[in-house]
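Q: Dropping in data28.txt, with compact mmCIF, C-alpha atoms.
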# COMPACT_ATOMS: atom_id res chain seq x y z
CA MET A 1 57.17 -0.45 -66.00
CA SER A 2 56.36 2.44 -68.30
CA GLU A 3 58.67 2.83 -71.27
CA ASN A 4 58.20 6.61 -71.11
CA ARG A 5 58.96 7.21 -67.44
CA ALA A 6 61.96 9.20 -66.27
CA PRO A 7 65.02 7.37 -64.94
CA ILE A 8 65.01 6.59 -61.22
CA TYR A 9 68.09 7.57 -59.21
CA LEU A 10 68.70 5.52 -56.04
CA ASP A 11 72.44 6.04 -55.65
CA ASN A 12 72.46 9.21 -53.58
CA ASN A 13 75.27 8.04 -51.27
CA ALA A 14 77.54 8.24 -54.32
CA THR A 15 76.41 11.77 -55.16
CA THR A 16 73.25 13.87 -55.17
CA ARG A 17 71.75 16.06 -57.85
CA THR A 18 72.73 19.68 -57.27
CA ASP A 19 69.62 21.49 -56.09
CA PRO A 20 68.41 23.98 -58.75
CA SER A 21 68.31 26.77 -56.17
CA VAL A 22 71.95 26.01 -55.30
CA VAL A 23 72.87 26.32 -58.98
CA GLN A 24 71.04 29.64 -59.25
CA THR A 25 72.87 30.95 -56.19
CA MET A 26 76.21 29.96 -57.70
CA LEU A 27 75.76 31.34 -61.22
CA PRO A 28 76.50 35.05 -60.57
CA PHE A 29 79.88 34.13 -59.08
CA PHE A 30 81.04 32.76 -62.43
CA THR A 31 80.27 35.83 -64.53
CA GLU A 32 79.25 38.88 -62.50
CA GLN A 33 80.67 38.65 -58.97
CA PHE A 34 83.84 36.95 -60.15
CA GLY A 35 86.36 38.66 -57.88
CA ASN A 36 89.13 37.03 -55.89
CA ALA A 37 88.21 37.11 -52.19
CA SER A 38 91.77 38.16 -51.34
CA SER A 39 91.68 41.24 -53.57
CA ALA A 40 91.42 44.66 -51.90
CA HIS A 41 88.75 46.18 -54.14
CA ALA A 42 84.98 46.01 -54.61
CA PHE A 43 85.05 42.85 -56.72
CA GLY A 44 87.13 41.05 -54.10
CA ASN A 45 84.96 42.38 -51.28
CA GLU A 46 81.83 40.91 -52.89
CA ALA A 47 83.48 37.50 -53.03
CA ALA A 48 84.76 37.76 -49.45
CA ILE A 49 81.28 38.63 -48.18
CA ALA A 50 79.86 35.60 -50.00
CA VAL A 51 82.47 33.32 -48.44
CA ARG A 52 81.68 34.67 -44.95
CA GLN A 53 77.97 34.04 -45.50
CA ALA A 54 78.62 30.48 -46.66
CA ARG A 55 80.81 29.89 -43.62
CA ARG A 56 78.00 31.09 -41.33
CA SER A 57 75.47 28.86 -43.08
CA LEU A 58 77.65 25.77 -42.79
CA SER A 59 78.50 26.58 -39.18
CA GLY A 60 74.77 26.71 -38.49
CA LEU A 61 74.19 23.27 -39.98
CA LEU A 62 77.07 21.79 -37.99
CA GLY A 63 76.15 23.54 -34.76
CA SER A 64 79.71 24.81 -34.33
CA ALA A 65 80.52 27.53 -31.82
CA TYR A 66 82.43 29.80 -34.22
CA ASP A 67 82.22 30.47 -37.95
CA HIS A 68 86.02 30.45 -38.26
CA GLU A 69 86.08 26.78 -37.22
CA ILE A 70 85.11 26.03 -40.84
CA VAL A 71 87.97 25.53 -43.33
CA PHE A 72 86.87 25.15 -46.95
CA THR A 73 88.56 22.37 -48.95
CA SER A 74 88.21 20.60 -52.29
CA GLY A 75 86.09 17.87 -50.69
CA GLY A 76 85.93 15.15 -48.06
CA THR A 77 89.07 13.32 -49.17
CA GLU A 78 91.28 16.38 -48.75
CA ALA A 79 89.69 17.15 -45.39
CA ASN A 80 90.27 13.58 -44.15
CA ASN A 81 93.91 13.63 -45.23
CA ALA A 82 94.49 17.08 -43.73
CA ALA A 83 93.02 16.06 -40.36
CA ILE A 84 95.02 12.85 -39.92
CA LEU A 85 98.33 14.17 -41.22
CA SER A 86 98.04 17.32 -39.14
CA ALA A 87 97.44 15.35 -35.96
CA LEU A 88 100.54 13.24 -36.55
CA ALA A 89 102.58 16.42 -37.18
CA THR A 90 101.33 18.43 -34.21
CA GLN A 91 100.76 15.93 -31.39
CA GLU A 92 104.20 15.85 -29.83
CA GLY A 93 105.27 12.42 -28.62
CA ARG A 94 102.26 10.76 -30.26
CA ASP A 95 102.64 8.75 -33.45
CA GLU A 96 99.77 6.25 -33.59
CA VAL A 97 96.46 6.32 -35.47
CA VAL A 98 93.29 4.51 -34.40
CA THR A 99 90.58 3.92 -37.00
CA THR A 100 88.08 1.25 -38.10
CA SER A 101 87.99 -1.53 -40.66
CA VAL A 102 84.97 -0.01 -42.44
CA GLU A 103 86.19 3.54 -43.11
CA HIS A 104 85.97 5.10 -46.56
CA SER A 105 89.03 4.59 -48.75
CA ALA A 106 89.87 8.28 -48.21
CA VAL A 107 90.91 7.26 -44.70
CA LEU A 108 91.96 3.64 -45.15
CA ALA A 109 94.23 4.27 -48.16
CA LEU A 110 96.03 6.98 -46.18
CA THR A 111 96.44 4.81 -43.08
CA GLU A 112 97.81 2.00 -45.25
CA GLN A 113 100.42 4.40 -46.64
CA LEU A 114 101.26 5.58 -43.14
CA ALA A 115 101.63 1.99 -41.93
CA ALA A 116 104.04 1.30 -44.80
CA ARG A 117 106.14 4.21 -43.54
CA GLY A 118 106.23 2.76 -40.03
CA VAL A 119 103.35 4.64 -38.41
CA LYS A 120 101.49 2.40 -35.98
CA THR A 121 97.86 2.05 -37.06
CA ARG A 122 95.29 0.28 -34.93
CA ILE A 123 92.32 -0.94 -36.97
CA ILE A 124 89.21 -1.64 -34.89
CA ALA A 125 86.88 -4.41 -36.02
CA VAL A 126 83.09 -4.38 -36.36
CA ASP A 127 80.50 -7.09 -35.70
CA ALA A 128 78.13 -8.77 -38.15
CA CYS A 129 75.86 -5.70 -38.09
CA GLY A 130 78.73 -3.32 -38.78
CA ARG A 131 78.79 -2.01 -35.20
CA LEU A 132 82.12 -0.97 -33.73
CA ASP A 133 83.87 -3.11 -31.12
CA ILE A 134 83.69 -0.45 -28.41
CA GLU A 135 85.90 -2.25 -25.91
CA ALA A 136 88.61 -2.77 -28.54
CA PHE A 137 88.43 0.93 -29.40
CA ARG A 138 88.91 1.99 -25.80
CA CYS A 139 91.78 -0.44 -25.34
CA ALA A 140 93.50 0.86 -28.49
CA LEU A 141 93.71 4.40 -27.10
CA GLY A 142 96.92 5.15 -25.28
CA SER A 143 99.72 7.60 -24.58
CA ARG A 144 101.03 7.20 -28.16
CA THR A 145 97.69 7.86 -29.88
CA ALA A 146 97.80 11.03 -31.98
CA ILE A 147 94.33 10.74 -33.49
CA ALA A 148 91.32 8.47 -33.64
CA SER A 149 89.37 8.73 -36.89
CA VAL A 150 85.92 7.12 -37.02
CA MET A 151 83.22 7.79 -39.60
CA TRP A 152 79.91 9.17 -38.37
CA ALA A 153 77.89 6.89 -40.65
CA ASN A 154 78.95 4.13 -43.01
CA ASN A 155 78.50 4.85 -46.70
CA GLU A 156 77.56 1.27 -47.64
CA THR A 157 75.24 0.14 -44.85
CA GLY A 158 74.22 3.44 -43.26
CA THR A 159 75.25 2.16 -39.83
CA ILE A 160 75.76 5.09 -37.44
CA PHE A 161 78.68 5.10 -34.99
CA PRO A 162 78.55 6.65 -31.48
CA VAL A 163 81.10 9.31 -32.38
CA LYS A 164 80.32 11.65 -29.51
CA CYS A 165 81.11 8.94 -26.96
CA LEU A 166 84.18 7.88 -28.92
CA ALA A 167 85.37 11.50 -29.01
CA GLY A 168 84.99 11.77 -25.24
CA TRP A 169 87.10 8.67 -24.59
CA THR A 170 89.69 9.87 -27.09
CA ARG A 171 90.01 13.21 -25.32
CA GLU A 172 90.47 11.42 -21.99
CA ALA A 173 93.42 9.63 -23.61
CA GLY A 174 94.89 13.00 -24.59
CA ALA A 175 94.46 12.46 -28.34
CA LEU A 176 92.52 14.24 -31.08
CA PHE A 177 89.28 12.85 -32.51
CA HIS A 178 88.26 13.18 -36.17
CA THR A 179 85.11 11.96 -37.88
CA ASP A 180 84.43 11.53 -41.58
CA ALA A 181 80.86 12.84 -41.62
CA VAL A 182 80.48 12.96 -45.40
CA GLN A 183 77.43 10.68 -45.34
CA ALA A 184 75.92 12.09 -42.15
CA ILE A 185 75.79 15.77 -43.08
CA GLY A 186 72.24 16.82 -43.93
CA LYS A 187 70.85 13.50 -42.68
CA VAL A 188 71.69 13.61 -38.96
CA ARG A 189 71.28 16.56 -36.60
CA LEU A 190 74.69 17.78 -35.43
CA ASN A 191 75.64 20.04 -32.53
CA LEU A 192 79.42 20.15 -32.49
CA LYS A 193 79.76 22.85 -29.86
CA ASP A 194 78.33 20.38 -27.33
CA SER A 195 80.72 17.60 -28.31
CA THR A 196 84.44 16.94 -27.91
CA ILE A 197 84.94 16.24 -31.63
CA ASP A 198 88.09 18.07 -32.74
CA MET A 199 87.81 17.70 -36.52
CA LEU A 200 85.07 16.72 -38.97
CA SER A 201 85.11 16.26 -42.75
CA LEU A 202 82.28 16.85 -45.21
CA SER A 203 81.61 17.16 -48.93
CA ALA A 204 79.05 19.39 -50.65
CA HIS A 205 77.95 16.95 -53.33
CA LYS A 206 76.48 14.56 -50.75
CA LEU A 207 73.86 17.13 -49.68
CA HIS A 208 72.68 18.50 -53.04
CA GLY A 209 75.62 20.88 -53.40
CA PRO A 210 78.28 21.01 -56.14
CA LYS A 211 81.18 18.62 -56.59
CA GLY A 212 84.74 19.72 -55.91
CA VAL A 213 84.15 21.56 -52.63
CA GLY A 214 83.95 20.49 -49.01
CA ALA A 215 85.10 21.54 -45.59
CA LEU A 216 87.03 20.59 -42.50
CA TYR A 217 85.60 21.57 -39.15
CA LEU A 218 88.53 22.45 -36.90
CA ARG A 219 87.65 23.10 -33.27
CA LYS A 220 88.99 26.41 -31.97
CA GLY A 221 92.36 25.90 -30.30
CA THR A 222 93.17 22.64 -32.08
CA LYS A 223 96.75 22.61 -33.33
CA PHE A 224 96.81 22.33 -37.10
CA GLN A 225 99.43 21.99 -39.81
CA PRO A 226 98.12 22.79 -43.31
CA LEU A 227 98.14 20.08 -45.93
CA ILE A 228 98.38 22.65 -48.74
CA CYS A 229 100.84 25.51 -48.26
CA GLY A 230 101.08 28.80 -50.14
CA GLY A 231 99.00 31.92 -49.55
CA SER A 232 97.19 33.01 -46.41
CA GLN A 233 93.68 31.95 -47.45
CA GLU A 234 91.43 30.32 -44.84
CA ARG A 235 93.43 31.96 -42.04
CA GLY A 236 96.55 30.24 -43.30
CA ARG A 237 95.02 26.77 -42.91
CA ARG A 238 94.39 25.95 -46.58
CA ALA A 239 96.27 27.84 -49.28
CA GLY A 240 94.94 28.50 -52.78
CA THR A 241 92.44 30.88 -54.33
CA GLU A 242 89.02 30.03 -52.97
CA ASN A 243 86.51 28.25 -55.18
CA ILE A 244 83.95 31.00 -54.67
CA PRO A 245 81.07 29.50 -56.72
CA GLY A 246 81.58 26.12 -55.03
CA ILE A 247 81.76 27.62 -51.54
CA VAL A 248 78.63 29.67 -52.20
CA GLY A 249 76.90 26.50 -53.41
CA LEU A 250 77.93 24.61 -50.30
CA GLY A 251 76.60 27.41 -48.13
CA LYS A 252 73.23 27.39 -49.89
CA ALA A 253 73.06 23.57 -49.72
CA ALA A 254 73.74 23.79 -45.97
CA GLU A 255 70.90 26.30 -45.52
CA LEU A 256 68.46 24.03 -47.36
CA ALA A 257 69.59 20.97 -45.42
CA ALA A 258 69.14 22.73 -42.09
CA GLU A 259 65.62 23.84 -43.03
CA ARG A 260 64.47 20.42 -44.26
CA LEU A 261 66.47 17.93 -42.19
CA GLU A 262 63.91 16.62 -39.71
CA PRO A 263 60.77 16.39 -41.90
CA GLU A 264 62.77 14.91 -44.77
CA ARG A 265 64.50 12.41 -42.49
CA ILE A 266 61.10 11.08 -41.43
CA ARG A 267 59.68 11.03 -44.96
CA ILE A 268 62.76 9.40 -46.50
CA GLY A 269 62.93 6.83 -43.72
CA ALA A 270 59.35 5.80 -44.46
CA LEU A 271 60.16 5.44 -48.17
CA ARG A 272 63.28 3.40 -47.34
CA ASP A 273 61.19 1.07 -45.17
CA ARG A 274 58.59 0.68 -47.94
CA LEU A 275 61.36 -0.17 -50.42
CA GLU A 276 62.85 -2.75 -48.06
CA GLN A 277 59.58 -4.38 -47.17
CA GLY A 278 58.58 -4.67 -50.81
CA ILE A 279 61.88 -6.25 -51.81
CA LEU A 280 62.12 -8.56 -48.79
CA ARG A 281 58.76 -10.09 -49.70
CA ASN A 282 60.62 -11.91 -52.47
CA GLY A 283 62.44 -13.99 -49.87
CA GLU A 284 66.05 -15.22 -49.91
CA CYS A 285 67.37 -11.73 -49.20
CA VAL A 286 68.35 -9.80 -46.10
CA VAL A 287 69.18 -6.23 -45.03
CA LEU A 288 72.82 -5.76 -44.02
CA GLY A 289 73.99 -3.41 -41.29
CA ASP A 290 72.49 -2.15 -38.05
CA ILE A 291 68.81 -1.80 -38.92
CA ARG A 292 68.10 -0.12 -35.56
CA ASN A 293 70.70 2.61 -35.87
CA ARG A 294 71.37 3.76 -39.42
CA LEU A 295 70.82 6.58 -41.86
CA ALA A 296 67.20 7.03 -42.90
CA ASN A 297 68.04 6.98 -46.60
CA THR A 298 70.21 3.86 -46.86
CA THR A 299 69.53 0.16 -47.25
CA ASN A 300 71.98 -2.52 -48.34
CA ILE A 301 70.12 -5.66 -49.37
CA ALA A 302 71.91 -8.94 -50.06
CA PHE A 303 70.27 -11.41 -52.42
CA ASP A 304 71.41 -14.90 -51.46
CA HIS A 305 73.27 -16.90 -54.14
CA LEU A 306 72.83 -14.16 -56.77
CA GLU A 307 75.32 -11.67 -58.20
CA GLY A 308 74.67 -8.08 -57.11
CA GLU A 309 76.55 -6.85 -60.15
CA ALA A 310 74.07 -8.61 -62.44
CA ILE A 311 71.12 -7.18 -60.52
CA ALA A 312 72.54 -3.66 -60.69
CA HIS A 313 73.25 -4.05 -64.41
CA ARG A 314 69.69 -5.18 -65.14
CA LEU A 315 68.27 -2.34 -63.05
CA ASN A 316 70.44 0.12 -64.96
CA ARG A 317 69.03 -1.21 -68.24
CA ALA A 318 65.56 -0.64 -66.76
CA GLY A 319 66.49 2.96 -65.97
CA ILE A 320 67.10 2.55 -62.24
CA ALA A 321 70.45 3.58 -60.76
CA VAL A 322 71.76 1.69 -57.72
CA SER A 323 75.23 0.59 -56.65
CA LEU A 324 77.18 -2.27 -55.11
CA GLY A 325 78.63 0.02 -52.42
CA SER A 326 81.10 2.88 -52.45
CA ALA A 327 81.41 4.74 -55.76
CA CYS A 328 85.17 4.84 -55.13
CA ARG A 329 85.48 1.10 -55.68
CA SER A 330 83.36 1.00 -58.85
CA GLY A 331 85.05 -1.28 -61.38
CA SER A 332 86.91 -3.20 -58.68
CA MET A 333 86.49 -6.97 -58.80
CA GLN A 334 87.12 -7.20 -55.05
CA PRO A 335 84.09 -7.59 -52.76
CA SER A 336 83.32 -4.68 -50.46
CA HIS A 337 85.84 -4.28 -47.64
CA VAL A 338 82.94 -3.19 -45.45
CA LEU A 339 81.03 -6.44 -45.95
CA ARG A 340 84.22 -8.46 -45.57
CA ALA A 341 84.87 -6.71 -42.27
CA MET A 342 81.33 -7.67 -41.20
CA GLN A 343 82.18 -11.28 -42.14
CA VAL A 344 79.20 -11.58 -44.45
CA PRO A 345 79.42 -15.04 -46.09
CA ALA A 346 80.53 -15.05 -49.74
CA TRP A 347 77.25 -16.47 -51.07
CA ARG A 348 75.47 -13.48 -49.56
CA MET A 349 78.13 -10.77 -49.90
CA HIS A 350 78.35 -11.11 -53.70
CA GLY A 351 74.62 -10.43 -53.93
CA ALA A 352 74.66 -7.14 -52.02
CA VAL A 353 73.08 -4.08 -53.63
CA ARG A 354 72.93 -0.62 -52.04
CA PHE A 355 69.88 1.59 -52.46
CA SER A 356 70.25 5.18 -51.24
CA LEU A 357 67.41 7.70 -51.37
CA SER A 358 67.27 11.49 -51.14
CA ARG A 359 64.72 14.22 -50.56
CA GLU A 360 64.00 14.06 -54.30
CA THR A 361 62.93 10.39 -54.18
CA SER A 362 59.18 9.89 -54.64
CA LEU A 363 56.73 7.21 -53.52
CA ALA A 364 56.05 6.31 -57.16
CA GLU A 365 59.77 5.79 -57.79
CA VAL A 366 60.08 3.49 -54.78
CA ASP A 367 57.12 1.39 -55.95
CA GLU A 368 58.54 1.21 -59.49
CA ALA A 369 61.87 0.07 -58.06
CA VAL A 370 60.24 -2.63 -55.95
CA CYS A 371 58.45 -4.00 -59.01
CA ALA A 372 61.62 -3.92 -61.10
CA VAL A 373 63.76 -5.63 -58.46
CA SER A 374 61.12 -8.30 -57.84
CA ASP A 375 60.83 -9.04 -61.55
CA ILE A 376 64.60 -9.17 -62.07
CA VAL A 377 65.30 -11.36 -59.05
CA THR A 378 62.45 -13.74 -59.92
CA ARG A 379 63.79 -14.16 -63.46
CA MET A 380 67.38 -14.64 -62.26
CA ARG A 381 66.37 -17.30 -59.74
CA ALA A 382 64.26 -19.11 -62.32
CA SER A 383 67.17 -19.07 -64.76
CA SER A 384 69.53 -20.33 -62.03
CA ARG A 385 67.22 -23.22 -61.15
CA ALA A 386 66.86 -24.15 -64.82
CA THR A 387 70.64 -24.22 -65.20
CA VAL A 388 70.98 -26.49 -62.16
CA ARG A 389 68.35 -28.86 -63.55
CA GLU A 390 70.17 -29.04 -66.89
CA GLN A 391 73.49 -29.77 -65.17
CA THR A 392 72.03 -32.56 -63.04
CA SER A 393 69.88 -34.20 -65.71
Spit out the file's structure as structure tokens when you get a sec.
A:
Amino acid sequence: MSENRAPIYLDNNATTRTDPSVVQTMLPFFTEQFGNASSAHAFGNEAAIAVRQARRSLSGLLGSAYDHEIVFTSGGTEANNAAILSALATQEGRDEVVTTSVEHSAVLALTEQLAARGVKTRIIAVDACGRLDIEAFRCALGSRTAIASVMWANNETGTIFPVKCLAGWTREAGALFHTDAVQAIGKVRLNLKDSTIDMLSLSAHKLHGPKGVGALYLRKGTKFQPLICGGSQERGRRAGTENIPGIVGLGKAAELAAERLEPERIRIGALRDRLEQGILRNGECVVLGDIRNRLANTTNIAFDHLEGEAIAHRLNRAGIAVSLGSACRSGSMQPSHVLRAMQVPAWRMHGAVRFSLSRETSLAEVDEAVCAVSDIVTRMRASSRATVREQTS
């Protein structure tokens, strides 16, 4: 590997680089068009127009029927919390939550708190490929279900869930359906107006937008109780002065994603496959998740009898950024709850490393990464074998 090459970033499921054109679009709203969108003067009107444009752009990416179905938030976590808590507050006679064992902590931590308060939570299992137990999901729905919350795509394996079918069954049961689509936005084509999905969460920084801003899609007519109360912003659904630069950035990021989604999905998928094939040639490693139905940018590769943390550390020293899974569990000594739910054996689970690409990933970077991983894994296995020989001699 060249000592002078730029660092390689393969951790795009944790966050993406803000697109330079997004930054340029945002800049005037810090210093020139700095008005409060609720103010009744020219400065405020400029900001309000910018918010409306961003709402239209995001609505276009989501394929929603109405612009006003978009509620801007501080990010995916807030949107997830708002959706689930609102459903429990507004669905009269319904006090149960259905979700899965592989959700992001933004959903699972909340459901754990709710369970501690006595709310019935039904956690649906997945199989060895991370696919949902569909029959168990359908059986869990009932007259007490307030909401079913299932992620569109898993952040660690990329496995995609059949959320449109799940939403249909949930509606038949008389409950609301929410999906955490943070990882799917900009990677999967959405058309919400032709679905029965009631609520959807997203975050700008996963699609080359800024951090600290996201949105909740709220289908027209869905009863909603705000999580944050105060002023009348967002049609009374989310109080607080709008983050105008962030919202503008999200709108621009949505425009770019809509323009580039299909060609980039194909190109990134080909790079992901090249990365996998190059690494798998080393042997004693396997791809985790549903390899037939997953995000084009994601691969989670488990290196048998090695420590993923050590591999990631060595790659970082070589200037290549990867992760062991969700960024929200960085620093935790506990193995991934996603891989535990998939019942991956310990000798394989501890060697799991997630590689996540973006539209900025190049062929040269993928080839450099393959070489680096192959070299690191070869050295680690040789060292491990030498240690075993010393211990048995």
Q: Pick the closest to Pro226 in chain A from A:Ile185, A:Met26, A:Arg238, A:Thr77: which is it, counting all atoms listed in the file?
A: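 The shortest atom-to-atom distance to Pro226 in chain A comes from A:Arg238.
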Q: If I take CA of Ser101 in chain A and CA of Arg171 in chain A, how far is one from the other in Å, to one decimal?
A: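 Between these atoms lies a distance of 21.4 Å.
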Q: Quick one: residues within 9 Å of Gly76 in chain A, only C-alpha atoms counted, chain neighbours fewer than 3 positions away excluded, as a ChimeraX atom specification?
A: /A:73,79-81,106,180-182,201-204,213-216
Q: Please provide as an MDAnalysis selection string all residues within 10 Å of range 84-91 of chain A, with the sequence filter that same-chain residues fewer than 3 positions apart are discarded (counting only C-alpha atoms).
A: chainID A and resid 79:81 94:97 107 110:111 114 119 144:149 174:178 199 222:227
Q: Rank nothing, just name the residue among A:Arg274, A:Arg381, A:Arg294, A:Arg5 nearest to Gly319 in chain A, using only C-alpha atoms.
A: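 Nearest candidate to Gly319 in chain A out of A:Arg274, A:Arg381, A:Arg294, A:Arg5: A:Arg5.
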Q: Hey, what's within 7 Å of Arg272 in chain A if we count all atoms listed in the file and toss same-chain stuff fewer than 6 positions away? As number ranges by chain, please?
A: A: 296-298
Q: Would you work out the distance separating CA of Arg237 in chain A from CA of Arg56 in chain A, expressed in Å to one decimal?
A: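 Atom-to-atom, CA of Arg237 in chain A and CA of Arg56 in chain A are spaced 17.6 Å apart.
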Q: Hey, can you pull every residue with an atom no more than 6 Å from (82.2, 33.3, -51.8), using only C-alpha atoms, and send it as a list in words?
A: Ala47, Ala48, Ala50, Val51, Ile244, Ile247 and Val248 of chain A
Q: Which residue, A:Arg340, A:Lys211, A:Arg348, A:Arg281, has the smallest gap to Asp127 in chain A when you use all atoms listed in the file?
A: A:Arg340
Q: Using only C-alpha atoms, can you list as JSON, numbers by chain the residues within 9 Å of (84.1, 8.2, -35.5)?
A: {"A": [99, 100, 148, 149, 150, 151, 152, 153, 161, 162, 163, 164, 166, 167, 177, 178, 179, 180, 181, 197]}
Q: Quick one: pull the distance between CA of Ala140 in chain A and CA of Glu112 in chain A, Å, one decimal.
A: 17.3 Å
Q: Here is a test: counting all atoms listed in the file, which residue of A:Gly351, A:Gly209, A:Gly44, A:Gly75 is nearest to Leu288 in chain A?
A: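 Checking each candidate against Leu288 in chain A, we get A:Gly351 as the closest.
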Q: Within 9 Å of Leu62 in chain A, counting only C-alpha atoms, which residues show up once you throw out same-chain ones fewer than 2 positions away? Write them as a compact mmCIF listing (two decimals) with C-alpha atoms, in the frame of the given file, please.
A:
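Produced file around21.txt, reproduced below:
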# COMPACT_ATOMS: atom_id res chain seq x y z
CA SER A 57 75.47 28.86 -43.08
CA LEU A 58 77.65 25.77 -42.79
CA SER A 59 78.50 26.58 -39.18
CA GLY A 60 74.77 26.71 -38.49
CA SER A 64 79.71 24.81 -34.33
CA ILE A 185 75.79 15.77 -43.08
CA ARG A 189 71.28 16.56 -36.60
CA LEU A 190 74.69 17.78 -35.43
CA ASN A 191 75.64 20.04 -32.53
CA LEU A 192 79.42 20.15 -32.49
CA LYS A 193 79.76 22.85 -29.86
CA TYR A 217 85.60 21.57 -39.15
CA ALA A 254 73.74 23.79 -45.97
CA ALA A 258 69.14 22.73 -42.09
Q: Nearest to Leu261 in chain A: which of A:Ala321, A:Leu108, A:Ala37, A:Leu61 is it, counting all atoms listed in the file?
A: A:Leu61
Q: With all atoms listed in the file as the atoms that count, which of A:Glu69, A:Glu242, A:Glu309, A:Glu259 lies nearest to Asp198 in chain A?
A: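 Between A:Glu69, A:Glu242, A:Glu309, A:Glu259, the residue approaching Asp198 in chain A most closely is A:Glu69.
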